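Chemist: So that you have it, the file is final.pdb, and it contains PDB, C-alpha atoms and all ligand atoms:
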```pdb
ATOM      1  CA  MET A   1       0.000   0.000   0.000
ATOM      2  CA  LEU A   2       2.142   2.805  -1.382
ATOM      3  CA  MET A   3      -0.308   5.601  -0.478
ATOM      4  CA  ALA A   4      -1.400   4.319   2.956
ATOM      5  CA  GLY A   5      -1.965   7.222   5.346
ATOM      6  CA  LYS A   6      -1.871   9.801   2.548
ATOM      7  CA  LYS A   7      -4.738  12.250   2.046
ATOM      8  CA  GLY A   8      -5.294  14.554  -0.884
ATOM      9  CA  VAL A   9      -7.621  16.278  -3.290
ATOM     10  CA  ILE A  10      -8.241  15.601  -6.971
ATOM     11  CA  LEU A  11      -9.617  18.424  -9.130
ATOM     12  CA  GLY A  12     -10.871  17.603 -12.618
ATOM     13  CA  VAL A  13     -12.918  14.420 -12.526
ATOM     14  CA  ALA A  14     -15.761  14.948 -15.007
ATOM     15  CA  ASN A  15     -16.702  11.279 -15.458
ATOM     16  CA  ASN A  16     -15.145   7.814 -15.379
ATOM     17  CA  LYS A  17     -13.300   8.493 -18.658
ATOM     18  CA  SER A  18     -11.403  11.411 -17.099
ATOM     19  CA  ILE A  19      -7.653  11.096 -16.620
ATOM     20  CA  ALA A  20      -8.240  12.243 -13.033
ATOM     21  CA  TYR A  21     -10.489   9.206 -12.541
ATOM     22  CA  GLY A  22      -7.627   6.910 -13.583
ATOM     23  CA  ILE A  23      -5.330   8.632 -11.086
ATOM     24  CA  ALA A  24      -7.947   8.401  -8.317
ATOM     25  CA  LYS A  25      -8.431   4.695  -9.015
ATOM     26  CA  GLN A  26      -4.755   3.837  -8.648
ATOM     27  CA  CYS A  27      -4.259   6.072  -5.599
ATOM     28  CA  ALA A  28      -7.306   4.593  -3.856
ATOM     29  CA  ALA A  29      -6.075   1.076  -4.647
ATOM     30  CA  GLN A  30      -2.854   1.980  -2.812
ATOM     31  CA  GLY A  31      -4.710   3.202   0.277
ATOM     32  CA  ALA A  32      -5.047   6.968  -0.287
ATOM     33  CA  LYS A  33      -7.960   8.976   1.122
ATOM     34  CA  ILE A  34      -9.196  11.268  -1.641
ATOM     35  CA  ALA A  35     -11.385  14.370  -1.738
ATOM     36  CA  PHE A  36     -13.007  15.283  -5.071
ATOM     37  CA  THR A  37     -14.193  18.532  -6.601
ATOM     38  CA  TYR A  38     -16.727  19.232  -9.325
ATOM     39  CA  LEU A  39     -17.083  22.157 -11.685
ATOM     40  CA  ASN A  40     -20.859  22.681 -11.646
ATOM     41  CA  ASP A  41     -24.166  21.080 -10.679
ATOM     42  CA  SER A  42     -24.459  18.933 -13.788
ATOM     43  CA  LEU A  43     -21.013  17.424 -13.110
ATOM     44  CA  LYS A  44     -21.825  17.064  -9.402
ATOM     45  CA  LYS A  45     -24.224  14.239 -10.315
ATOM     46  CA  ARG A  46     -21.383  12.475 -12.144
ATOM     47  CA  VAL A  47     -18.706  13.050  -9.514
ATOM     48  CA  GLU A  48     -20.742  11.997  -6.450
ATOM     49  CA  PRO A  49     -21.076   8.315  -7.441
ATOM     50  CA  ILE A  50     -17.402   8.258  -8.426
ATOM     51  CA  ALA A  51     -16.419   9.591  -4.999
ATOM     52  CA  ALA A  52     -18.650   6.946  -3.400
ATOM     53  CA  GLU A  53     -16.847   4.264  -5.404
ATOM     54  CA  PHE A  54     -13.660   5.247  -3.536
ATOM     55  CA  GLY A  55     -15.313   5.607  -0.096
ATOM     56  CA  SER A  56     -15.239   9.412  -0.337
ATOM     57  CA  GLU A  57     -18.980  10.213  -0.384
ATOM     58  CA  ASP A  58     -18.440  12.821   2.364
ATOM     59  CA  LEU A  59     -15.502  14.443   0.581
ATOM     60  CA  VAL A  60     -17.056  16.069  -2.504
ATOM     61  CA  TYR A  61     -16.880  19.842  -2.946
ATOM     62  CA  PRO A  62     -17.716  22.436  -5.585
ATOM     63  CA  CYS A  63     -14.750  24.204  -7.161
ATOM     64  CA  ASP A  64     -14.907  26.244 -10.329
ATOM     65  CA  VAL A  65     -11.283  27.390 -10.464
ATOM     66  CA  SER A  66     -12.246  30.573 -12.304
ATOM     67  CA  ASN A  67     -13.909  31.707  -9.058
ATOM     68  CA  PRO A  68     -11.366  32.556  -6.315
ATOM     69  CA  GLU A  69     -14.081  32.353  -3.660
ATOM     70  CA  GLU A  70     -14.708  28.691  -4.507
ATOM     71  CA  ILE A  71     -10.999  27.903  -4.127
ATOM     72  CA  LYS A  72     -10.980  29.630  -0.723
ATOM     73  CA  ALA A  73     -14.100  27.688   0.294
ATOM     74  CA  LEU A  74     -12.433  24.446  -0.822
ATOM     75  CA  LYS A  75      -9.518  25.167   1.503
ATOM     76  CA  GLU A  76     -11.902  25.702   4.442
ATOM     77  CA  SER A  77     -13.780  22.460   3.700
ATOM     78  CA  LEU A  78     -10.616  20.395   3.309
ATOM     79  CA  GLU A  79      -9.184  21.829   6.519
ATOM     80  CA  LYS A  80     -12.344  20.895   8.406
ATOM     81  CA  ASP A  81     -12.787  17.432   6.898
ATOM     82  CA  LEU A  82      -9.217  16.231   6.266
ATOM     83  CA  GLY A  83      -6.864  18.554   8.146
ATOM     84  CA  GLN A  84      -3.398  18.180   6.682
ATOM     85  CA  ILE A  85      -3.117  16.880   3.112
ATOM     86  CA  ASP A  86      -0.281  15.218   1.185
ATOM     87  CA  PHE A  87      -1.238  15.613  -2.453
ATOM     88  CA  ILE A  88      -3.112  17.727  -4.993
ATOM     89  CA  VAL A  89      -4.013  16.640  -8.530
ATOM     90  CA  HIS A  90      -4.823  19.457 -10.973
ATOM     91  CA  SER A  91      -6.394  17.816 -14.016
ATOM     92  CA  ILE A  92      -8.178  20.828 -15.453
ATOM     93  CA  ALA A  93      -8.035  22.649 -18.751
ATOM     94  CA  PHE A  94     -10.352  24.752 -20.837
ATOM     95  CA  ALA A  95     -10.126  26.847 -23.988
ATOM     96  CA  PRO A  96     -13.048  28.392 -25.861
ATOM     97  CA  LYS A  97     -13.837  26.363 -28.974
ATOM     98  CA  GLU A  98     -12.633  29.180 -31.247
ATOM     99  CA  GLY A  99      -9.106  28.620 -29.890
ATOM    100  CA  LEU A 100      -8.999  24.964 -30.915
ATOM    101  CA  SER A 101      -9.266  25.177 -34.681
ATOM    102  CA  GLY A 102      -8.796  27.610 -37.548
ATOM    103  CA  ARG A 103      -5.977  30.093 -37.957
ATOM    104  CA  PHE A 104      -3.828  30.569 -34.866
ATOM    105  CA  MET A 105      -3.427  34.304 -35.446
ATOM    106  CA  ASP A 106      -7.189  34.789 -35.132
ATOM    107  CA  ILE A 107      -7.256  33.864 -31.435
ATOM    108  CA  THR A 108      -8.999  36.592 -29.471
ATOM    109  CA  LYS A 109      -7.677  38.163 -26.294
ATOM    110  CA  ASN A 110     -10.793  36.998 -24.506
ATOM    111  CA  ALA A 111     -10.247  33.338 -25.487
ATOM    112  CA  PHE A 112      -6.537  33.622 -24.623
ATOM    113  CA  ASP A 113      -7.264  35.040 -21.167
ATOM    114  CA  ILE A 114      -9.853  32.360 -20.368
ATOM    115  CA  ALA A 115      -7.568  29.495 -21.448
ATOM    116  CA  MET A 116      -4.607  30.821 -19.480
ATOM    117  CA  ASP A 117      -6.739  31.520 -16.415
ATOM    118  CA  ILE A 118      -8.411  28.112 -16.196
ATOM    119  CA  SER A 119      -5.619  25.922 -17.567
ATOM    120  CA  VAL A 120      -2.545  27.613 -16.039
ATOM    121  CA  TYR A 121      -3.158  30.294 -13.423
ATOM    122  CA  SER A 122      -5.563  27.979 -11.573
ATOM    123  CA  LEU A 123      -2.647  25.694 -10.669
ATOM    124  CA  ILE A 124      -0.809  28.581  -9.007
ATOM    125  CA  GLU A 125      -3.912  29.798  -7.195
ATOM    126  CA  VAL A 126      -4.975  26.351  -5.958
ATOM    127  CA  VAL A 127      -1.468  25.631  -4.693
ATOM    128  CA  ARG A 128      -1.203  29.003  -2.926
ATOM    129  CA  GLU A 129      -4.604  28.659  -1.238
ATOM    130  CA  LEU A 130      -4.085  25.035  -0.166
ATOM    131  CA  LYS A 131      -0.444  25.519   0.833
ATOM    132  CA  PRO A 132      -1.230  25.927   4.577
ATOM    133  CA  LEU A 133      -2.715  22.408   4.512
ATOM    134  CA  LEU A 134       0.175  20.700   2.726
ATOM    135  CA  SER A 135       2.468  18.414   4.723
ATOM    136  CA  ASN A 136       6.232  18.735   4.350
ATOM    137  CA  SER A 137       6.388  15.670   2.117
ATOM    138  CA  SER A 138       3.639  16.609  -0.308
ATOM    139  CA  SER A 139       3.312  16.082  -4.011
ATOM    140  CA  ILE A 140       1.420  18.143  -6.570
ATOM    141  CA  LEU A 141       0.604  16.817 -10.018
ATOM    142  CA  THR A 142      -0.785  18.516 -13.118
ATOM    143  CA  LEU A 143      -1.638  17.202 -16.591
ATOM    144  CA  THR A 144      -0.064  18.542 -19.730
ATOM    145  CA  TYR A 145       0.285  17.579 -23.397
ATOM    146  CA  TYR A 146       2.983  17.422 -26.082
ATOM    147  CA  GLY A 147       1.195  20.203 -27.979
ATOM    148  CA  GLY A 148       2.931  22.564 -25.517
ATOM    149  CA  GLU A 149       6.348  21.465 -26.835
ATOM    150  CA  LYS A 150       5.737  20.969 -30.533
ATOM    151  CA  TYR A 151       3.120  22.012 -33.070
ATOM    152  CA  ILE A 152       0.070  19.744 -33.082
ATOM    153  CA  PRO A 153      -2.678  20.502 -35.637
ATOM    154  CA  ASN A 154      -5.684  22.295 -34.081
ATOM    155  CA  TYR A 155      -4.281  22.235 -30.525
ATOM    156  CA  ASN A 156      -3.564  25.942 -31.084
ATOM    157  CA  LEU A 157      -4.406  27.992 -27.986
ATOM    158  CA  MET A 158      -4.196  24.988 -25.689
ATOM    159  CA  GLY A 159      -0.632  24.395 -26.925
ATOM    160  CA  VAL A 160       0.368  27.840 -25.704
ATOM    161  CA  ALA A 161      -1.406  27.201 -22.398
ATOM    162  CA  LYS A 162       0.374  23.851 -21.941
ATOM    163  CA  ALA A 163       3.767  25.445 -22.621
ATOM    164  CA  ALA A 164       2.986  27.937 -19.857
ATOM    165  CA  LEU A 165       1.787  25.120 -17.600
ATOM    166  CA  ASP A 166       5.021  23.169 -18.126
ATOM    167  CA  MET A 167       7.085  26.161 -16.986
ATOM    168  CA  THR A 168       4.663  26.889 -14.148
ATOM    169  CA  THR A 169       5.374  23.348 -12.917
ATOM    170  CA  LYS A 170       9.110  24.072 -12.881
ATOM    171  CA  TYR A 171       8.901  27.492 -11.206
ATOM    172  CA  LEU A 172       6.494  26.144  -8.572
ATOM    173  CA  ALA A 173       8.829  23.189  -7.989
ATOM    174  CA  GLU A 174      11.713  25.543  -7.245
ATOM    175  CA  ASP A 175       9.591  27.766  -5.035
ATOM    176  CA  LEU A 176       8.050  24.939  -2.990
ATOM    177  CA  GLY A 177      11.043  22.613  -2.816
ATOM    178  CA  LYS A 178      12.293  24.329   0.335
ATOM    179  CA  ASP A 179       9.001  23.369   2.018
ATOM    180  CA  GLY A 180       9.371  19.700   1.073
ATOM    181  CA  ILE A 181       6.678  20.007  -1.600
ATOM    182  CA  ARG A 182       7.252  18.440  -5.029
ATOM    183  CA  VAL A 183       5.517  19.609  -8.225
ATOM    184  CA  ASN A 184       5.422  17.513 -11.396
ATOM    185  CA  ALA A 185       3.441  17.208 -14.608
ATOM    186  CA  ILE A 186       2.439  14.179 -16.634
ATOM    187  CA  SER A 187       2.392  14.740 -20.361
ATOM    188  CA  ALA A 188      -0.205  12.153 -21.350
ATOM    189  CA  GLY A 189      -0.710  10.785 -24.832
ATOM    190  CA  PRO A 190      -4.135  11.417 -26.379
ATOM    191  CA  ILE A 191      -7.089   9.776 -24.621
ATOM    192  CA  LYS A 192     -10.740  10.048 -25.628
ATOM    193  CA  THR A 193     -12.274  12.138 -22.835
ATOM    194  CA  LEU A 194     -14.817  14.996 -22.678
ATOM    195  CA  ALA A 195     -12.029  17.589 -22.933
ATOM    196  CA  ALA A 196     -10.536  15.784 -25.943
ATOM    197  CA  ALA A 197     -13.891  15.956 -27.725
ATOM    198  CA  GLY A 198     -13.328  19.720 -28.018
ATOM    199  CA  ILE A 199     -10.284  19.229 -30.245
ATOM    200  CA  SER A 200     -10.963  19.014 -33.974
ATOM    201  CA  ASP A 201      -9.915  15.761 -35.643
ATOM    202  CA  PHE A 202      -9.117  14.083 -32.337
ATOM    203  CA  ARG A 203      -9.767  10.632 -33.815
ATOM    204  CA  PHE A 204      -7.009  11.253 -36.318
ATOM    205  CA  MET A 205      -4.648  12.153 -33.451
ATOM    206  CA  LEU A 206      -5.417   8.838 -31.750
ATOM    207  CA  LYS A 207      -4.746   6.879 -34.922
ATOM    208  CA  TRP A 208      -1.583   8.850 -35.680
ATOM    209  CA  ASN A 209      -0.158   8.323 -32.186
ATOM    210  CA  GLU A 210      -0.959   4.636 -32.235
ATOM    211  CA  ALA A 211       0.806   4.201 -35.565
ATOM    212  CA  HIS A 212       3.833   6.371 -34.762
ATOM    213  CA  SER A 213       4.654   5.732 -31.109
ATOM    214  CA  PRO A 214       7.363   3.197 -30.260
ATOM    215  CA  LEU A 215       4.868   1.031 -28.349
ATOM    216  CA  LYS A 216       2.376   1.113 -31.277
ATOM    217  CA  LYS A 217      -0.617   1.765 -29.020
ATOM    218  CA  ASN A 218      -2.442   4.568 -27.232
ATOM    219  CA  VAL A 219      -2.083   5.116 -23.508
ATOM    220  CA  THR A 220      -4.998   4.296 -21.163
ATOM    221  CA  THR A 221      -6.274   6.243 -18.148
ATOM    222  CA  ASP A 222      -5.170   3.305 -15.965
ATOM    223  CA  GLU A 223      -1.624   3.671 -17.274
ATOM    224  CA  VAL A 224      -1.595   7.429 -16.655
ATOM    225  CA  GLY A 225      -3.113   6.619 -13.248
ATOM    226  CA  ASN A 226      -0.221   4.307 -12.358
ATOM    227  CA  SER A 227       2.373   6.914 -13.314
ATOM    228  CA  GLY A 228       0.376   9.560 -11.451
ATOM    229  CA  MET A 229       0.282   7.394  -8.333
ATOM    230  CA  TYR A 230       4.077   6.995  -8.528
ATOM    231  CA  LEU A 231       4.559  10.773  -8.741
ATOM    232  CA  LEU A 232       2.178  11.343  -5.811
ATOM    233  CA  SER A 233       3.766   8.648  -3.641
ATOM    234  CA  ASP A 234       7.099   8.621  -1.807
ATOM    235  CA  LEU A 235       8.492   6.364  -4.545
ATOM    236  CA  SER A 236       9.268   9.602  -6.420
ATOM    237  CA  SER A 237      10.648  11.472  -3.382
ATOM    238  CA  ALA A 238      13.598  12.861  -5.389
ATOM    239  CA  VAL A 239      11.557  13.871  -8.443
ATOM    240  CA  THR A 240      10.336  17.449  -8.846
ATOM    241  CA  GLY A 241       9.878  19.973 -11.642
ATOM    242  CA  GLU A 242       9.584  17.099 -14.088
ATOM    243  CA  VAL A 243       7.375  16.890 -17.171
ATOM    244  CA  HIS A 244       7.049  13.118 -17.390
ATOM    245  CA  HIS A 245       5.823  11.740 -20.713
ATOM    246  CA  VAL A 246       3.320   8.921 -20.388
ATOM    247  CA  ASP A 247       2.605   8.651 -24.084
ATOM    248  CA  CYS A 248       3.845   5.235 -25.285
ATOM    249  CA  GLY A 249       7.080   7.024 -26.250
ATOM    250  CA  TYR A 250       5.526   9.245 -28.927
ATOM    251  CA  ASN A 251       7.554  12.319 -27.881
ATOM    252  CA  ILE A 252      10.892  10.763 -28.866
ATOM    253  CA  MET A 253       9.879  10.399 -32.498
ATOM    254  CA  GLY A 254      11.208  13.001 -34.912
TER     255      GLY A 254
HETATM  256  O1  LIG B   1      -5.966  13.411 -24.619
HETATM  257  C1  LIG B   1      -6.276  13.871 -23.526
HETATM  258  N1  LIG B   1      -7.484  13.691 -23.037
HETATM  259  C2  LIG B   1      -5.236  14.614 -22.751
HETATM  260  C3  LIG B   1      -5.616  15.429 -21.712
HETATM  261  C4  LIG B   1      -3.830  14.442 -23.138
HETATM  262  C5  LIG B   1      -2.910  15.173 -22.304
HETATM  263  C6  LIG B   1      -3.334  16.002 -21.294
HETATM  264  N2  LIG B   1      -4.679  16.134 -21.025
HETATM  265  C7  LIG B   1      -5.053  17.021 -19.941
HETATM  266  C8  LIG B   1      -6.123  18.033 -20.248
HETATM  267  O2  LIG B   1      -5.639  19.119 -21.000
HETATM  268  C9  LIG B   1      -6.513  18.432 -18.827
HETATM  269  O3  LIG B   1      -5.561  19.334 -18.307
HETATM  270  O4  LIG B   1      -5.574  16.281 -18.878
HETATM  271  C10 LIG B   1      -6.406  17.119 -18.070
HETATM  272  C11 LIG B   1      -7.708  16.389 -17.828
HETATM  273  O5  LIG B   1      -8.413  16.278 -19.046
HETATM  274  P1  LIG B   1      -9.288  15.011 -19.453
HETATM  275  O6  LIG B   1      -9.274  14.004 -18.398
HETATM  276  O7  LIG B   1      -8.879  14.649 -20.812
HETATM  277  O8  LIG B   1     -10.728  15.655 -19.641
HETATM  278  P2  LIG B   1     -12.079  15.736 -18.766
HETATM  279  O9  LIG B   1     -12.500  14.405 -18.302
HETATM  280  O10 LIG B   1     -13.043  16.509 -19.607
HETATM  281  O11 LIG B   1     -11.646  16.608 -17.531
HETATM  282  C12 LIG B   1     -11.271  17.956 -17.603
HETATM  283  C13 LIG B   1     -12.150  18.717 -16.661
HETATM  284  C14 LIG B   1     -13.437  19.323 -17.144
HETATM  285  O12 LIG B   1     -14.245  18.611 -17.831
HETATM  286  P3  LIG B   1     -15.186  19.371 -18.954
HETATM  287  O13 LIG B   1     -15.184  18.367 -20.028
HETATM  288  O14 LIG B   1     -16.461  19.602 -18.260
HETATM  289  O15 LIG B   1     -14.521  20.660 -19.408
HETATM  290  O16 LIG B   1     -11.605  19.931 -16.250
HETATM  291  C15 LIG B   1     -12.605  20.506 -15.447
HETATM  292  C16 LIG B   1     -13.912  19.901 -15.838
HETATM  293  O17 LIG B   1     -14.360  19.014 -14.873
HETATM  294  N3  LIG B   1     -12.731  21.926 -15.619
HETATM  295  C17 LIG B   1     -12.814  22.737 -14.551
HETATM  296  N4  LIG B   1     -12.758  22.463 -13.233
HETATM  297  C18 LIG B   1     -12.885  23.506 -12.410
HETATM  298  N5  LIG B   1     -13.032  24.755 -12.814
HETATM  299  C19 LIG B   1     -12.980  24.011 -15.067
HETATM  300  C20 LIG B   1     -13.099  25.063 -14.141
HETATM  301  N6  LIG B   1     -13.300  26.331 -14.497
HETATM  302  N7  LIG B   1     -13.010  23.939 -16.436
HETATM  303  C21 LIG B   1     -12.849  22.667 -16.746
END
```
Can you give me the file's structure in the form of structure tokens?
Ligand code: 0WD

Modeler:
Amino acid sequence: MLMAGKKGVILGVANNKSIAYGIAKQCAAQGAKIAFTYLNDSLKKRVEPIAAEFGSEDLVYPCDVSNPEEIKALKESLEKDLGQIDFIVHSIAFAPKEGLSGRFMDITKNAFDIAMDISVYSLIEVVRELKPLLSNSSSILTLTYYGGEKYIPNYNLMGVAKAALDMTTKYLAEDLGKDGIRVNAISAGPIKTLAAAGISDFRFMLKWNEAHSPLKKNVTTDEVGNSGMYLLSDLSSAVTGEVHHVDCGYNIMG
């Protein structure tokens, strides 16, 4: 039981196809106690049964990360119900549809601001607000994608956001290292989730990655979950500021 005695919060479960669900599953299997958040009332109905599946029916809280008050309220609830915590999973991203297809130069300032706020700044804000609760051997994990390193058709605005998220991971890792807090990102290969449905031609991306990755397959949420569990557990106690590719090796291909 690699996560026995560890408590934490996972933001970004939308349903049982979510990458965050895969991470929750593996962490729970290793003995972690997990709190969950949901974006809005329609997702609440999806997240509640998932929390119950992991024995966390009393640990489900609203948190739209674009609303600072909801992040503050999350901190109060976690403090009351869990006290100290050992991990945070940030598995959240959003870009207005107009930023995920068409000509890159046509991206509006409004779309840019929304994508950067929800997909990048939210990590900084969540970490800052929850910092008083974090133990001195904590681990923070976010989810990124290769489209932040190299051009990927249609990923457009989200590519810029992921590049910023990758560097946010590194700067946070340096800042929090002195407090015994590690910060890492998993760069997952493409997986068919709700968020992925927003990207034009996503099915082509899946086929392309399967054909061109060294392992000749696509990654599953269980596989990302296993790597996530490793980064959240003490097995990775000397790993921080890392963008770890869990993508069947796709990123090494020229
Ligand atoms: O191929 C993929 N699916 C990959 C996803 C490859 C590599 C990385 N990722 C990343 C995504 O960019 C994201 O950062 O993984 C993270 C999780 O995405 P997911 O598991 O693919 O998608 P999904 O199950 O939809 O979860 C993302 C959730 C949202 O779902 P919807 O579909 O409703 O947008 O992020 C949450 C929401 O639950 N979310 C928010 N949570 C709080 N406040 C907000 C918000 N404002 N906006 C979105």

Chemist: What do you get, as an mmCIF file with C-alpha atoms, in the coordinates of the input, if you spell out every residue that the PyMOL selection byres (((not hetatm)) within 7 of (chain B and resi 1)) selects here?

Modeler:
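Okay, this is what ended up in result_18.cif:
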```cif
data_model
loop_
_atom_site.group_PDB
_atom_site.id
_atom_site.type_symbol
_atom_site.label_atom_id
_atom_site.label_comp_id
_atom_site.auth_asym_id
_atom_site.auth_seq_id
_atom_site.Cartn_x
_atom_site.Cartn_y
_atom_site.Cartn_z
ATOM 1 C CA LEU A 11 -9.617 18.424 -9.130
ATOM 2 C CA GLY A 12 -10.871 17.603 -12.618
ATOM 3 C CA VAL A 13 -12.918 14.420 -12.526
ATOM 4 C CA ALA A 14 -15.761 14.948 -15.007
ATOM 5 C CA ASN A 15 -16.702 11.279 -15.458
ATOM 6 C CA LYS A 17 -13.300 8.493 -18.658
ATOM 7 C CA SER A 18 -11.403 11.411 -17.099
ATOM 8 C CA ILE A 19 -7.653 11.096 -16.620
ATOM 9 C CA ALA A 20 -8.240 12.243 -13.033
ATOM 10 C CA TYR A 38 -16.727 19.232 -9.325
ATOM 11 C CA LEU A 39 -17.083 22.157 -11.685
ATOM 12 C CA CYS A 63 -14.750 24.204 -7.161
ATOM 13 C CA ASP A 64 -14.907 26.244 -10.329
ATOM 14 C CA VAL A 65 -11.283 27.390 -10.464
ATOM 15 C CA SER A 66 -12.246 30.573 -12.304
ATOM 16 C CA SER A 91 -6.394 17.816 -14.016
ATOM 17 C CA ILE A 92 -8.178 20.828 -15.453
ATOM 18 C CA ALA A 93 -8.035 22.649 -18.751
ATOM 19 C CA PHE A 94 -10.352 24.752 -20.837
ATOM 20 C CA ILE A 118 -8.411 28.112 -16.196
ATOM 21 C CA SER A 119 -5.619 25.922 -17.567
ATOM 22 C CA LEU A 143 -1.638 17.202 -16.591
ATOM 23 C CA THR A 144 -0.064 18.542 -19.730
ATOM 24 C CA TYR A 145 0.285 17.579 -23.397
ATOM 25 C CA SER A 187 2.392 14.740 -20.361
ATOM 26 C CA ALA A 188 -0.205 12.153 -21.350
ATOM 27 C CA GLY A 189 -0.710 10.785 -24.832
ATOM 28 C CA PRO A 190 -4.135 11.417 -26.379
ATOM 29 C CA ILE A 191 -7.089 9.776 -24.621
ATOM 30 C CA LYS A 192 -10.740 10.048 -25.628
ATOM 31 C CA THR A 193 -12.274 12.138 -22.835
ATOM 32 C CA LEU A 194 -14.817 14.996 -22.678
ATOM 33 C CA ALA A 195 -12.029 17.589 -22.933
ATOM 34 C CA ALA A 196 -10.536 15.784 -25.943
#
```

Chemist: I'd like the interatomic distance between atom CA of A:Gly55 and atom CA of A:Ala28, to a tenth of an Å.

Modeler: 8.9 Å

Chemist: Using all atoms listed in the file, pick whichever of A:Met105, A:Lys97, A:Asp86, A:Thr220 has the shortest atom-to-atom distance to A:Tyr21.

Modeler: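 Distance minimum relative to A:Tyr21 lands on A:Thr220.
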
Chemist: Given all atoms listed in the file as the basis, pick out the residue of A:His212, A:Arg128, A:His245, A:Arg103 nearest to A:Asp166.

Modeler: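 Nearest to A:Asp166: A:His245.
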
Chemist: Can you spell out as a ChimeraX atom specification the set of residues that the PyMOL selection byres (((chain A and resi 173) around 12) and not hetatm) selects in the structure I just provided?

Modeler: /A:124,127,138-142,166-172,174-185,238-243

Chemist: Counting all atoms listed in the file, which of A:Pro68, A:Gly102, A:Gly8, A:Pro214 gets nearest to A:Asp81?

Modeler: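 Closest to A:Asp81, using all atoms listed in the file: A:Gly8.
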
Chemist: What separation in Å, quoted to one decimal, exists between atom CA of A:Lys207 and atom CA of A:Ile152?

Modeler: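 Going from atom CA of A:Lys207 over to atom CA of A:Ile152, I get 13.9 Å.
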
Chemist: Determine the residue membership of the PyMOL selection byres (((chain A and resi 101) around 9) and not hetatm) for the file above and supply it as a list in words.

Modeler: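 This file, filtered by the PyMOL selection byres (((chain A and resi 101) around 9) and not hetatm), leaves Lys97, Glu98, Gly99, Leu100, Gly102, Arg103, Phe104, Pro153, Asn154, Tyr155, Asn156, Leu157, Ile199 and Ser200 of chain A.
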
Chemist: Kindly give the distance, in Å, that separates atom CA of A:Pro49 and atom CA of A:Gly228, rounded to a single decimal.

Modeler: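 Here the two named atoms are 21.9 Å from each other.
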
Chemist: Nearest residue to A:Leu2 out of A:Met158, A:Ile114, A:Val224, A:Cys27, using all atoms listed in the file?

Modeler: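 Smallest separation from A:Leu2 among the options: A:Cys27.
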
Chemist: Using the partial input, fill out stretch 25-36 of chain A with N, CA and C atoms; write the result as a JSON list (two decimals), in the frame of the given file.

Modeler:
```json
[["chain", "number", "residue", "atom", "x", "y", "z"],
["A", 25, "LYS", "N", -8.29, 6.15, -9.14],
["A", 25, "LYS", "CA", -8.43, 4.70, -9.02],
["A", 25, "LYS", "C", -7.14, 4.06, -8.48],
["A", 26, "GLN", "N", -6.03, 4.45, -9.06],
["A", 26, "GLN", "CA", -4.76, 3.84, -8.65],
["A", 26, "GLN", "C", -4.34, 4.31, -7.26],
["A", 27, "CYS", "N", -4.62, 5.57, -6.94],
["A", 27, "CYS", "CA", -4.26, 6.07, -5.60],
["A", 27, "CYS", "C", -5.11, 5.40, -4.52],
["A", 28, "ALA", "N", -6.42, 5.25, -4.83],
["A", 28, "ALA", "CA", -7.31, 4.59, -3.86],
["A", 28, "ALA", "C", -6.89, 3.14, -3.66],
["A", 29, "ALA", "N", -6.50, 2.48, -4.74],
["A", 29, "ALA", "CA", -6.08, 1.08, -4.65],
["A", 29, "ALA", "C", -4.84, 0.93, -3.76],
["A", 30, "GLN", "N", -4.07, 2.01, -3.65],
["A", 30, "GLN", "CA", -2.85, 1.98, -2.81],
["A", 30, "GLN", "C", -3.10, 2.63, -1.44],
["A", 31, "GLY", "N", -4.39, 2.79, -1.09],
["A", 31, "GLY", "CA", -4.71, 3.20, 0.28],
["A", 31, "GLY", "C", -4.88, 4.68, 0.53],
["A", 32, "ALA", "N", -4.89, 5.52, -0.51],
["A", 32, "ALA", "CA", -5.05, 6.97, -0.29],
["A", 32, "ALA", "C", -6.49, 7.34, 0.06],
["A", 33, "LYS", "N", -6.64, 8.40, 0.85],
["A", 33, "LYS", "CA", -7.96, 8.98, 1.12],
["A", 33, "LYS", "C", -8.07, 10.21, 0.23],
["A", 34, "ILE", "N", -9.14, 10.25, -0.59],
["A", 34, "ILE", "CA", -9.20, 11.27, -1.64],
["A", 34, "ILE", "C", -10.45, 12.13, -1.54],
["A", 35, "ALA", "N", -10.26, 13.45, -1.59],
["A", 35, "ALA", "CA", -11.38, 14.37, -1.74],
["A", 35, "ALA", "C", -11.51, 14.73, -3.22],
["A", 36, "PHE", "N", -12.74, 14.98, -3.66],
["A", 36, "PHE", "CA", -13.01, 15.28, -5.07],
["A", 36, "PHE", "C", -13.69, 16.64, -5.19]]
```
